[in-house]
Protein chains: 2
Amino acid sequence: MAIRTDQLLRSAWTADQVELPPHTLRWLRQETGLTDAWTPTKPLTAPPSELPDKAREVLTGIVGAEHVLTDEASRLGRTGGLSYLDLLAHKGVGEISVPDAVVLPADPSEVAAVVQACAELGLTIVPFGGGTSVVGGVQAANRAIVLDLARLDRLVLVDEVSRLAVFQAGVRAPDAEKALAEYGLTLGHVPQSFERATIGGFAATRSAGQASSGYGRFEDMVEGIRVATPRGELRFGVAPASAAGPDLRHLVIGSEGAFGVITEVTVRVRPLPKVRRYEGFVVDGWERGAEIVRRLAQDRVLADVTRLSDVDETRVSFALAGGLKAAGLRAYLRARGIRRPCMLIVGWEAQDQRELATRRAATISRLRGAVRLGRVLGEAWRHGRFNGPRQRDALMNVGVCVETLETATHWSQLDELYDKVRLALTDSLGRAIVMCHISHAYETGASLYFTVITPRSVDDPAGQWLRAKAAACEAISGLGTISHHHAVGVDHAPYLTAEIGDLGTEVLAAVKNTLDPAGILNPGKLIAP
Amino acid sequence: MAIRTDQLLRSAWTADQVELPPHTLRWLRQETGLTDAWTPTKPLTAPPSELPDKAREVLTGIVGAEHVLTDEASRLGRTGGLSYLDLLAHKGVGEISVPDAVVLPADPSEVAAVVQACAELGLTIVPFGGGTSVVGGVQAANRAIVLDLARLDRLVLVDEVSRLAVFQAGVRAPDAEKALAEYGLTLGHVPQSFERATIGGFAATRSAGQASSGYGRFEDMVEGIRVATPRGELRFGVAPASAAGPDLRHLVIGSEGAFGVITEVTVRVRPLPKVRRYEGFVVDGWERGAEIVRRLAQDRVLADVTRLSDVDETRVSFALAGGLKAAGLRAYLRARGIRRPCMLIVGWEAQDQRELATRRAATISRLRGAVRLGRVLGEAWRHGRFNGPRQRDALMNVGVCVETLETATHWSQLDELYDKVRLALTDSLGRAIVMCHISHAYETGASLYFTVITPRSVDDPAGQWLRAKAAACEAISGLGTISHHHAVGVDHAPYLTAEIGDLGTEVLAAVKNTLDPAGILNPGKLIAP
């Protein structure tokens with residue numbers, strides 16, 4: 001099996017980068033006061049690798065010389081993740097550590113050997129899957145090596161009777177789906193990072209996909225898990241459910257490489273859907289929309305994808321789409337009683353038309369007052385669902401500060417959380433577009449996903465976002481979770497303690513000290529230093 | 001609020017004890033070779049309390065003298081749980097520790113004070129809810145006090161918008177349902193221990209109820225949790241779901257009082273069902289039945305209650321029910337192609353007849369080959385669903401060794417696990433009736449619940465069961481989980497390490513050492529000494 005190095009580098013992500021159409025740029029300038037003032041400085045370069053000779057020798061002994069990479073492209077390709085600040089750093093703004101080497105073990109036993117060797121050498125490890133973290137989850141510490149799981153790319157086993165599949169951790173989501181499709185199966189996990197992210201990364205970050213209403217969060221799919229730690233291997237999950245003490249799978253899921261390196265995941269799979277239907281609706285106002293989504297969740301008739309945009313996100317979506325005649329649409333909606341249009345995307349996936357029709361009817365009957373915009377809008381959303389990162393790159397290139405953040409809370413606190421985070425962001429950023437959607441709904445609450453667009457500060461581009469993000473995190477603290485599906489990383493580590501308490505943090509530290517006494521695994525992530 | 005001491009004692013459980021009808025006794029003698037040889041020896045008595053004066057003084061200072069009980073009845077009423085061996089001990093067979101005192105704090109802050117005081121005093125605590133453990137989960141160590149949560153009996157809050165309710169840990173399940181019913185709500189958690197068990201106990205043991213297919217396992221219902229530890233309070237759960245690191249709720253759920261005392265649980269609630277329908281079917285053979293249940297689970301159309309008995313359990317159920325003319329039924333079934341009758345109970349609960357009919361149709365369409373025995377059988381099961389413990393008492397009184405044990409595994413291993421556990425039990429016990437049912441099904445696997453009936457050994461009644469149980473646990477080890485919903489306690493602690501590994505056990509021990517450095521909390525449970 002050849003390593004497809006080209007797929008591992010950042011360039012793969014931006015291969016089919018989109019350019020902003022002129023009308024969008026005009027609209028942006030008008031809305032946000034954007035000018036062309038900002039130009040990127042020189043792109044990031046890597047300092048010489050300081051991997052000690054002894055370490056290179058040991059690592060080469062385990063994985064072979066061709067899998068210990070110290071060239072600049074390989075190291076830059078695994079420097080940071082995909083947060084706005086990470087991308088700024090790659091454009092020469094701010095500081096970011098470049099790893100000293102990239103090590104590519106072949107299988108779980110080589111991962112275990114690398115982890116143990118690094119513990120003995122005192123060499124810091126950053127586990128690396130798709131590198132799509134937007135919270136500093138793959139930030140290298142000084143003198144760290146990146147443990148890239150790209151070669152752990154096998155579908156190990158399919159148990160069709162139990163509807164289980166065993167994947168090595170480095171399998172990318174599209175490859176996992178391709179392999180499962182040969183068995184007529186699917187995982188159904190489609191976060192926005194789908195194109196690059198890996199099975200191991202999904203588990204490490206407690207990921208949730210856009211179809212979480214139908215397929216569940218990634219943690220709901222994990223039946224078993226293998227983790228290489230400096231103290232040996234952890235293997236959990238012999239049954240779908242158990243009362244054999246605390247469910248230790250949940251201690252490893254979301255552990256972000258700080259307790260060990262996930263090498264293999266056993267996931268629940270389902271039959272590939274044979275029919276799909278995605279539709280767009282518009283409801284009048286965010287509160288009314290949230291109430292509809294709550295009702296769908298509490299009546300347990302959510303579509304597989306259920307996504308409500310607020311007034312601003314709806315307005316921006318329609319404007320950026322460009323093809324829609326915004327004024328005509330507004331008039332059409334107003335004639336149907338919609339004064340504050342909020343877009344609702346619903347998508348069903350089923351085994352046959354009859355099942356789909358039954359489920360669709362259950363959803364639709366609860367959409368009273370909504371105006372149907374039809375399948376064109378639904379399908380447009382579906383086809384563009386992974387475009388967010390590319391759109392962001394295009395926006396960044398024209399001088400926009402663009403970033404997302406997310407949280408979740410109980411239904412009764414959702415409005416308060418929504419208001420407070422919006423206020424914190426607009427207070428901090430001034431003339432900014434702050435948009436929000438609900439994309440994950442539960443019987444007892446929902447997620448809120450914010451996107452911010454504002455002209456990038458010329459003097460202090462990193463500080464501009466750091467201050468806004470801090471204000472948002474303060475607003476979230478105590479009212480919602482610091483992350484619903486982006487994870488903790490470096491960025492949220494200081495806020496995690498507010499959420500789980502000093503004692504909760506001590507518990508995490510005790511687990512880390514037991515498994516990683518030398519503290520070599522992904523330092524600074526999850527637990528603040 | 002007065003403590004209803006009468007409700008707290010073991011006698012409450014056996015108040016409406018059933019007597020075995022003569023035909024059942026005849027049948028038992030015929031089937032198992034039971035004789036009347038065994039007669040109980042003298043009932044258990046309590047040695048004098050050795051609670052140190054200093055401890056009594058401190059505890060009295062926190063909860064008041066009337067809530068520090070050292071009388072014999074109170075102490076015997078919290079001695080052990082409800083396992084066969086615990087019940088034998090109460091009949092004078094084998095050893096069991098009687099606690100030195102029973103302490104009844106009024107609320108979470110008094111629990112916290114008692115826990116901290118006991119840590120300072122070096123006094124061992126056994127947290128006690130309904131006392132229904134069948135795995136030695138509330139076994140007192142020598143010189144222990146029982147911390148009885150009976151006075152934490154409040155419904156603290158109902159959030160109707162978010163469909164959440166906050167209960168103090170000592171609320172018994174029937175009282176929780178009564179309180180919720182006033183809001184038109186239900187928890188829907190109905191394990192066989194329902195009549196006595198508490199909200200805190202459900203969380204501490206990672207319980208699963210008979211309607212888990214519809215309402216989920218108890219862990220699926222927990223949104224938030226408060227735990228008093230010697231190091232301070234843990235509070236987890238600010239949102240339905242989160243990616244803020246490992247989900248620490250799952251570290252507390254199933255921790256069996258070894259990490260702290262659960263004082264409050266926030267649970268997801270649902271509207272009270274307005275219509276119910278329970279039906280009985282018979283399918284031909286265990287394998288065919290398990291395949292039907294698997295199909296229902298994997299097509300996600302399980303009824304709220306779905307319960308398949310094997311040939312032996314079906315035969316015994318029909319015989320013990322007595323009212324059914326067994327021979328006539330056999331002929332009726334044979335005429336319909338059923339040679340190895342396996343009973344399948346399915347029950348739906350819904351908001352209206354239409355919803356129920358839709359769901360019922362989805363289930364029924366997958367029951368090809370099953371013979372419908374109708375609502376009488378379904379309702380008979382529903383009405384007798386909590387009678388197991390009383391029937392066991394009656395059986396014990398006539399000299400029967402009767403006990404249950406359970407496990408779960410993936411579908412592809414279910415037959416092997418079933419065969420191995422059966423074989424282990426029959427090999428160990430000789431002439432015994434070994435019955436089994438599936439009562440909890442998932443997309444990827446199911447539980448197996450075994451019941452054993454055999455004449456009690458006259459010479460070594462405890463050893464007889466200990467050997468059989470050990471053989472069954474060995475058979476389970478490596479193939480299934482050591483417990484699907486009974487928990488670990490003292491009985492399964494040695495086998496937990498086989499399931500989670502030495503390193504997994506070390507992780508649990510590290511968490512315990514962090515939260516309970518003096519090791520006063522429920523020693524010997526969960527983690528083997």
# chains A, B, ... in the order shown; residues from 1 in each chain; ligands from 1

$ closest_atom_pairs --of "chain A" --to "chain B" --cutoff "7 Å" --atoms "only C-alpha atoms" --output "CSV"
residue,atom,partner,partner_atom,distance
A:Val161,CA,B:Ser412,CA,5.7
A:Ser162,CA,B:Thr444,CA,4.6
A:Arg163,CA,B:Thr444,CA,5.7
A:Leu164,CA,B:Thr444,CA,6.7
A:Thr205,CA,B:Ala243,CA,6.5
A:Arg206,CA,B:Ala243,CA,5.2
A:Ser207,CA,B:Ala243,CA,6.8
A:Leu234,CA,B:Gly504,CA,6.6
A:Arg235,CA,B:Ile500,CA,6.7
A:Phe236,CA,B:Ile500,CA,6.0
A:Val238,CA,B:Gly480,CA,5.8
A:Ala239,CA,B:Thr409,CA,4.2
A:Pro240,CA,B:Gly445,CA,5.9
A:Ala241,CA,B:His484,CA,6.4
A:Ser242,CA,B:His484,CA,4.2
A:Ala243,CA,B:Ala487,CA,4.7
A:Ala244,CA,B:Ser483,CA,5.3
A:Gly245,CA,B:Gly254,CA,4.5
A:Pro246,CA,B:Gly254,CA,4.6
A:Asp247,CA,B:His250,CA,5.8
A:His250,CA,B:Asp247,CA,5.8
A:Leu251,CA,B:Pro246,CA,4.9
A:Val252,CA,B:Pro246,CA,6.5
A:Ile253,CA,B:Pro246,CA,5.9
A:Gly254,CA,B:Gly245,CA,4.5
A:Ser255,CA,B:Pro246,CA,5.6
A:Arg268,CA,B:Thr444,CA,6.7
A:Ala408,CA,B:Ala239,CA,5.7
A:Thr409,CA,B:Ala239,CA,4.2
A:His410,CA,B:Ala239,CA,5.6
A:Trp411,CA,B:Ser162,CA,4.8
A:Ser412,CA,B:Ser162,CA,5.5
A:Tyr442,CA,B:Pro240,CA,6.8
A:Thr444,CA,B:Ser162,CA,4.6
A:Gly445,CA,B:Pro240,CA,5.9
A:Gly480,CA,B:Val238,CA,5.8
A:Thr481,CA,B:Val238,CA,6.0
A:Ile482,CA,B:Ala244,CA,6.2
A:Ser483,CA,B:Ala243,CA,5.3
A:His484,CA,B:Ser242,CA,4.2
A:His485,CA,B:Ala243,CA,4.7
A:His486,CA,B:Ala243,CA,6.4
A:Ala487,CA,B:Ala243,CA,4.7
A:Val488,CA,B:Ala244,CA,5.5
A:Leu496,CA,B:Ala244,CA,6.7
A:Ile500,CA,B:Phe236,CA,6.0
A:Leu503,CA,B:Leu234,CA,6.7
A:Gly504,CA,B:Leu234,CA,6.6
A:Val507,CA,B:Val511,CA,5.9
A:Ala510,CA,B:Ala510,CA,6.1
A:Val511,CA,B:Val507,CA,5.9
A:Thr514,CA,B:Val507,CA,6.5
A:Leu526,CA,B:Gly245,CA,6.4

$ residues_around --residues "stretch 166-168 of chain A" --least-positions-apart "2" --cutoff "8 Å" --atoms "only C-alpha atoms" --output "JSON, numbers by chain"
{"A": [107, 108, 152, 153, 154, 155, 156, 157, 158, 164, 170, 171, 176, 199, 200, 263, 264, 265, 266, 267]}

$ residues_around --residues "A:Arg372" --least-positions-apart "5" --cutoff "12 Å" --atoms "only C-alpha atoms" --output "list of chain:residue names"
A:Tyr278, A:Glu279, A:Gly280, A:Phe281, A:Val282, A:Val283, A:Tyr332, A:Leu333, A:Arg336, A:Ile338, A:Pro341, A:Cys342, A:Met343, A:Leu344, A:Ile345, A:Val346, A:Ile364, A:Leu367, A:Leu377, A:Gly378

$ write_last_selection --atoms "N, CA, C and O atoms" --output "PDB file, in the first residue's frame"
ATOM      1  N   TYR A 278     -34.319  15.593   0.144  1.00  0.00           N
ATOM      2  CA  TYR A 278     -33.957  16.782   0.912  1.00  0.00           C
ATOM      3  C   TYR A 278     -34.831  17.932   0.452  1.00  0.00           C
ATOM      4  O   TYR A 278     -34.978  18.152  -0.740  1.00  0.00           O
ATOM      5  N   GLU A 279     -35.421  18.636   1.404  1.00  0.00           N
ATOM      6  CA  GLU A 279     -36.311  19.731   1.046  1.00  0.00           C
ATOM      7  C   GLU A 279     -35.987  20.975   1.853  1.00  0.00           C
ATOM      8  O   GLU A 279     -35.494  20.881   2.974  1.00  0.00           O
ATOM      9  N   GLY A 280     -36.324  22.114   1.260  1.00  0.00           N
ATOM     10  CA  GLY A 280     -36.146  23.379   1.960  1.00  0.00           C
ATOM     11  C   GLY A 280     -37.497  23.987   2.308  1.00  0.00           C
ATOM     12  O   GLY A 280     -38.443  23.931   1.512  1.00  0.00           O
ATOM     13  N   PHE A 281     -37.600  24.539   3.500  1.00  0.00           N
ATOM     14  CA  PHE A 281     -38.803  25.259   3.941  1.00  0.00           C
ATOM     15  C   PHE A 281     -38.364  26.603   4.513  1.00  0.00           C
ATOM     16  O   PHE A 281     -37.178  26.810   4.823  1.00  0.00           O
ATOM     17  N   VAL A 282     -39.305  27.490   4.646  1.00  0.00           N
ATOM     18  CA  VAL A 282     -39.024  28.739   5.351  1.00  0.00           C
ATOM     19  C   VAL A 282     -40.097  28.933   6.415  1.00  0.00           C
ATOM     20  O   VAL A 282     -41.288  28.734   6.151  1.00  0.00           O
ATOM     21  N   VAL A 283     -39.650  29.236   7.627  1.00  0.00           N
ATOM     22  CA  VAL A 283     -40.603  29.499   8.715  1.00  0.00           C
ATOM     23  C   VAL A 283     -40.443  30.956   9.153  1.00  0.00           C
ATOM     24  O   VAL A 283     -39.441  31.599   8.859  1.00  0.00           O
ATOM     25  N   TYR A 332     -42.638  36.985  -2.255  1.00  0.00           N
ATOM     26  CA  TYR A 332     -43.372  35.709  -2.280  1.00  0.00           C
ATOM     27  C   TYR A 332     -43.642  35.233  -0.859  1.00  0.00           C
ATOM     28  O   TYR A 332     -44.744  34.820  -0.515  1.00  0.00           O
ATOM     29  N   LEU A 333     -42.608  35.338  -0.012  1.00  0.00           N
ATOM     30  CA  LEU A 333     -42.739  34.862   1.371  1.00  0.00           C
ATOM     31  C   LEU A 333     -43.661  35.782   2.174  1.00  0.00           C
ATOM     32  O   LEU A 333     -44.487  35.316   2.966  1.00  0.00           O
ATOM     33  N   ARG A 336     -47.095  35.117   2.003  1.00  0.00           N
ATOM     34  CA  ARG A 336     -47.515  33.912   2.733  1.00  0.00           C
ATOM     35  C   ARG A 336     -47.295  34.064   4.250  1.00  0.00           C
ATOM     36  O   ARG A 336     -47.217  33.078   4.984  1.00  0.00           O
ATOM     37  N   ILE A 338     -44.716  35.309   5.921  1.00  0.00           N
ATOM     38  CA  ILE A 338     -43.356  35.139   6.457  1.00  0.00           C
ATOM     39  C   ILE A 338     -42.639  36.477   6.413  1.00  0.00           C
ATOM     40  O   ILE A 338     -42.279  36.962   5.340  1.00  0.00           O
ATOM     41  N   PRO A 341     -37.861  35.486   7.496  1.00  0.00           N
ATOM     42  CA  PRO A 341     -37.636  34.136   6.945  1.00  0.00           C
ATOM     43  C   PRO A 341     -36.462  33.418   7.614  1.00  0.00           C
ATOM     44  O   PRO A 341     -35.373  33.966   7.716  1.00  0.00           O
ATOM     45  N   CYS A 342     -36.733  32.214   8.069  1.00  0.00           N
ATOM     46  CA  CYS A 342     -35.696  31.324   8.609  1.00  0.00           C
ATOM     47  C   CYS A 342     -35.759  30.026   7.823  1.00  0.00           C
ATOM     48  O   CYS A 342     -36.802  29.365   7.771  1.00  0.00           O
ATOM     49  N   MET A 343     -34.633  29.663   7.239  1.00  0.00           N
ATOM     50  CA  MET A 343     -34.589  28.489   6.370  1.00  0.00           C
ATOM     51  C   MET A 343     -34.521  27.206   7.196  1.00  0.00           C
ATOM     52  O   MET A 343     -33.788  27.121   8.179  1.00  0.00           O
ATOM     53  N   LEU A 344     -35.327  26.237   6.797  1.00  0.00           N
ATOM     54  CA  LEU A 344     -35.314  24.938   7.459  1.00  0.00           C
ATOM     55  C   LEU A 344     -35.036  23.868   6.405  1.00  0.00           C
ATOM     56  O   LEU A 344     -35.819  23.701   5.469  1.00  0.00           O
ATOM     57  N   ILE A 345     -33.916  23.187   6.549  1.00  0.00           N
ATOM     58  CA  ILE A 345     -33.591  22.097   5.627  1.00  0.00           C
ATOM     59  C   ILE A 345     -33.930  20.781   6.330  1.00  0.00           C
ATOM     60  O   ILE A 345     -33.514  20.562   7.479  1.00  0.00           O
ATOM     61  N   VAL A 346     -34.695  19.946   5.653  1.00  0.00           N
ATOM     62  CA  VAL A 346     -34.980  18.623   6.214  1.00  0.00           C
ATOM     63  C   VAL A 346     -34.651  17.569   5.169  1.00  0.00           C
ATOM     64  O   VAL A 346     -34.962  17.735   3.989  1.00  0.00           O
ATOM     65  N   ILE A 364     -43.647  16.551   8.153  1.00  0.00           N
ATOM     66  CA  ILE A 364     -44.348  17.653   7.484  1.00  0.00           C
ATOM     67  C   ILE A 364     -45.600  18.088   8.259  1.00  0.00           C
ATOM     68  O   ILE A 364     -45.916  19.273   8.338  1.00  0.00           O
ATOM     69  N   LEU A 367     -45.072  20.921  10.497  1.00  0.00           N
ATOM     70  CA  LEU A 367     -44.463  22.145   9.977  1.00  0.00           C
ATOM     71  C   LEU A 367     -45.511  23.209   9.658  1.00  0.00           C
ATOM     72  O   LEU A 367     -45.358  23.988   8.724  1.00  0.00           O
ATOM     73  N   LEU A 377     -33.883  23.629  -3.184  1.00  0.00           N
ATOM     74  CA  LEU A 377     -33.154  24.210  -2.060  1.00  0.00           C
ATOM     75  C   LEU A 377     -32.514  23.106  -1.214  1.00  0.00           C
ATOM     76  O   LEU A 377     -31.350  23.194  -0.804  1.00  0.00           O
ATOM     77  N   GLY A 378     -33.276  22.050  -0.962  1.00  0.00           N
ATOM     78  CA  GLY A 378     -32.759  20.937  -0.161  1.00  0.00           C
ATOM     79  C   GLY A 378     -31.553  20.284  -0.817  1.00  0.00           C
ATOM     80  O   GLY A 378     -30.536  20.037  -0.169  1.00  0.00           O
TER      81      GLY A 378
END

$ select_by_dssp --residues "stretch 313-482 of chain A" --states "strand (DSSP E)" --output "ChimeraX atom specification"
/A:341-350,371-374,400-410,433-438,445-455

$ write_last_selection --atoms "C-alpha atoms" --output "CSV table (one decimal), in the first residue's frame"
chain,number,residue,atom,x,y,z
A,341,PRO,CA,-37.6,34.1,6.9
A,342,CYS,CA,-35.7,31.3,8.6
A,343,MET,CA,-34.6,28.5,6.4
A,344,LEU,CA,-35.3,24.9,7.5
A,345,ILE,CA,-33.6,22.1,5.6
A,346,VAL,CA,-35.0,18.6,6.2
A,347,GLY,CA,-33.6,15.5,4.7
A,348,TRP,CA,-34.8,11.9,4.9
A,349,GLU,CA,-32.9,8.7,3.9
A,350,ALA,CA,-34.7,5.4,3.7
A,371,VAL,CA,-43.6,27.7,3.3
A,372,ARG,CA,-42.2,24.9,1.2
A,373,LEU,CA,-39.4,26.0,-1.2
A,374,GLY,CA,-39.0,22.5,-2.5
A,400,VAL,CA,-12.5,38.6,5.7
A,401,CYS,CA,-12.3,37.4,9.2
A,402,VAL,CA,-14.5,34.3,9.1
A,403,GLU,CA,-14.9,31.7,11.8
A,404,THR,CA,-17.4,29.4,13.4
A,405,LEU,CA,-18.1,28.3,17.0
A,406,GLU,CA,-20.8,26.2,18.6
A,407,THR,CA,-22.4,25.1,21.8
A,408,ALA,CA,-25.5,23.3,23.0
A,409,THR,CA,-28.0,23.5,25.9
A,410,HIS,CA,-31.4,22.5,27.1
A,433,ILE,CA,-22.5,39.5,10.3
A,434,VAL,CA,-23.3,36.9,13.0
A,435,MET,CA,-25.3,34.0,11.8
A,436,CYS,CA,-26.6,30.9,13.6
A,437,HIS,CA,-28.2,27.6,13.0
A,438,ILE,CA,-29.5,24.6,14.9
A,445,GLY,CA,-32.1,20.5,23.9
A,446,ALA,CA,-30.2,21.5,20.8
A,447,SER,CA,-26.9,22.8,19.4
A,448,LEU,CA,-26.3,26.4,18.3
A,449,TYR,CA,-23.7,26.9,15.5
A,450,PHE,CA,-22.5,30.5,14.9
A,451,THR,CA,-20.7,31.8,11.9
A,452,VAL,CA,-19.0,35.2,11.9
A,453,ILE,CA,-18.0,37.3,8.9
A,454,THR,CA,-16.4,40.7,9.4
A,455,PRO,CA,-13.6,42.6,7.7

$ select_by_dssp --residues "stretch 79-247 of chain A" --states "alpha helix (DSSP H)" --output "PyMOL selection string"
chain A and resi 84-90+108-121+173-181+199-205+212-215+218-221

$ residues_around --residues "A:Ala518" --least-positions-apart "6" --cutoff "12 Å" --atoms "only C-alpha atoms" --output "number ranges by chain"
A: 115-125, 229-231, 258-259, 512

$ decode --residues "stretch 318-387 of chain A" --atoms "C-alpha atoms" --output "short mmCIF file (atom, residue, chain, number, x, y, z; two decimals), in the first residue's frame"
data_model
loop_
_atom_site.label_atom_id
_atom_site.label_comp_id
_atom_site.auth_asym_id
_atom_site.auth_seq_id
_atom_site.Cartn_x
_atom_site.Cartn_y
_atom_site.Cartn_z
CA PHE A 318 -29.84 33.43 -0.14
CA ALA A 319 -27.54 36.35 -0.99
CA LEU A 320 -24.43 34.18 -1.40
CA ALA A 321 -26.32 31.61 -3.44
CA GLY A 322 -26.81 34.45 -5.88
CA GLY A 323 -29.05 32.52 -8.22
CA LEU A 324 -32.13 33.31 -6.16
CA LYS A 325 -33.80 36.59 -6.85
CA ALA A 326 -33.77 37.85 -3.30
CA ALA A 327 -36.35 40.61 -3.70
CA GLY A 328 -38.83 38.40 -5.52
CA LEU A 329 -38.45 35.70 -2.93
CA ARG A 330 -39.02 38.17 -0.12
CA ALA A 331 -42.27 39.31 -1.70
CA TYR A 332 -43.37 35.71 -2.28
CA LEU A 333 -42.74 34.86 1.37
CA ARG A 334 -44.35 38.03 2.68
CA ALA A 335 -47.50 37.18 0.76
CA ARG A 336 -47.52 33.91 2.73
CA GLY A 337 -47.13 35.58 6.12
CA ILE A 338 -43.36 35.14 6.46
CA ARG A 339 -41.78 38.40 7.61
CA ARG A 340 -38.60 37.04 9.21
CA PRO A 341 -37.64 34.14 6.94
CA CYS A 342 -35.70 31.32 8.61
CA MET A 343 -34.59 28.49 6.37
CA LEU A 344 -35.31 24.94 7.46
CA ILE A 345 -33.59 22.10 5.63
CA VAL A 346 -34.98 18.62 6.21
CA GLY A 347 -33.62 15.45 4.67
CA TRP A 348 -34.78 11.85 4.89
CA GLU A 349 -32.85 8.74 3.88
CA ALA A 350 -34.69 5.42 3.72
CA GLN A 351 -34.79 1.92 2.33
CA ASP A 352 -37.80 2.54 0.10
CA GLN A 353 -40.25 5.24 -0.95
CA ARG A 354 -42.92 3.95 1.38
CA GLU A 355 -40.74 4.28 4.45
CA LEU A 356 -39.62 7.70 3.30
CA ALA A 357 -43.17 8.85 2.68
CA THR A 358 -44.30 7.70 6.13
CA ARG A 359 -41.46 9.48 7.87
CA ARG A 360 -41.81 12.57 5.71
CA ALA A 361 -45.52 12.80 6.48
CA ALA A 362 -44.79 12.65 10.21
CA THR A 363 -42.33 15.54 9.89
CA ILE A 364 -44.35 17.65 7.48
CA SER A 365 -47.52 17.45 9.56
CA ARG A 366 -45.67 19.36 12.27
CA LEU A 367 -44.46 22.14 9.98
CA ARG A 368 -47.65 24.19 10.13
CA GLY A 369 -47.04 27.73 8.95
CA ALA A 370 -43.88 26.79 7.05
CA VAL A 371 -43.61 27.66 3.34
CA ARG A 372 -42.22 24.91 1.17
CA LEU A 373 -39.41 26.00 -1.15
CA GLY A 374 -38.98 22.51 -2.48
CA ARG A 375 -36.30 20.01 -3.32
CA VAL A 376 -34.10 22.43 -5.27
CA LEU A 377 -33.15 24.21 -2.06
CA GLY A 378 -32.76 20.94 -0.16
CA GLU A 379 -30.58 19.38 -2.83
CA ALA A 380 -28.55 22.58 -3.17
CA TRP A 381 -27.78 22.37 0.53
CA ARG A 382 -26.90 18.69 0.26
CA HIS A 383 -24.52 19.20 -2.65
CA GLY A 384 -22.82 22.14 -0.99
CA ARG A 385 -22.73 20.62 2.48
CA PHE A 386 -18.96 20.16 2.58
CA ASN A 387 -18.13 23.48 0.91
#
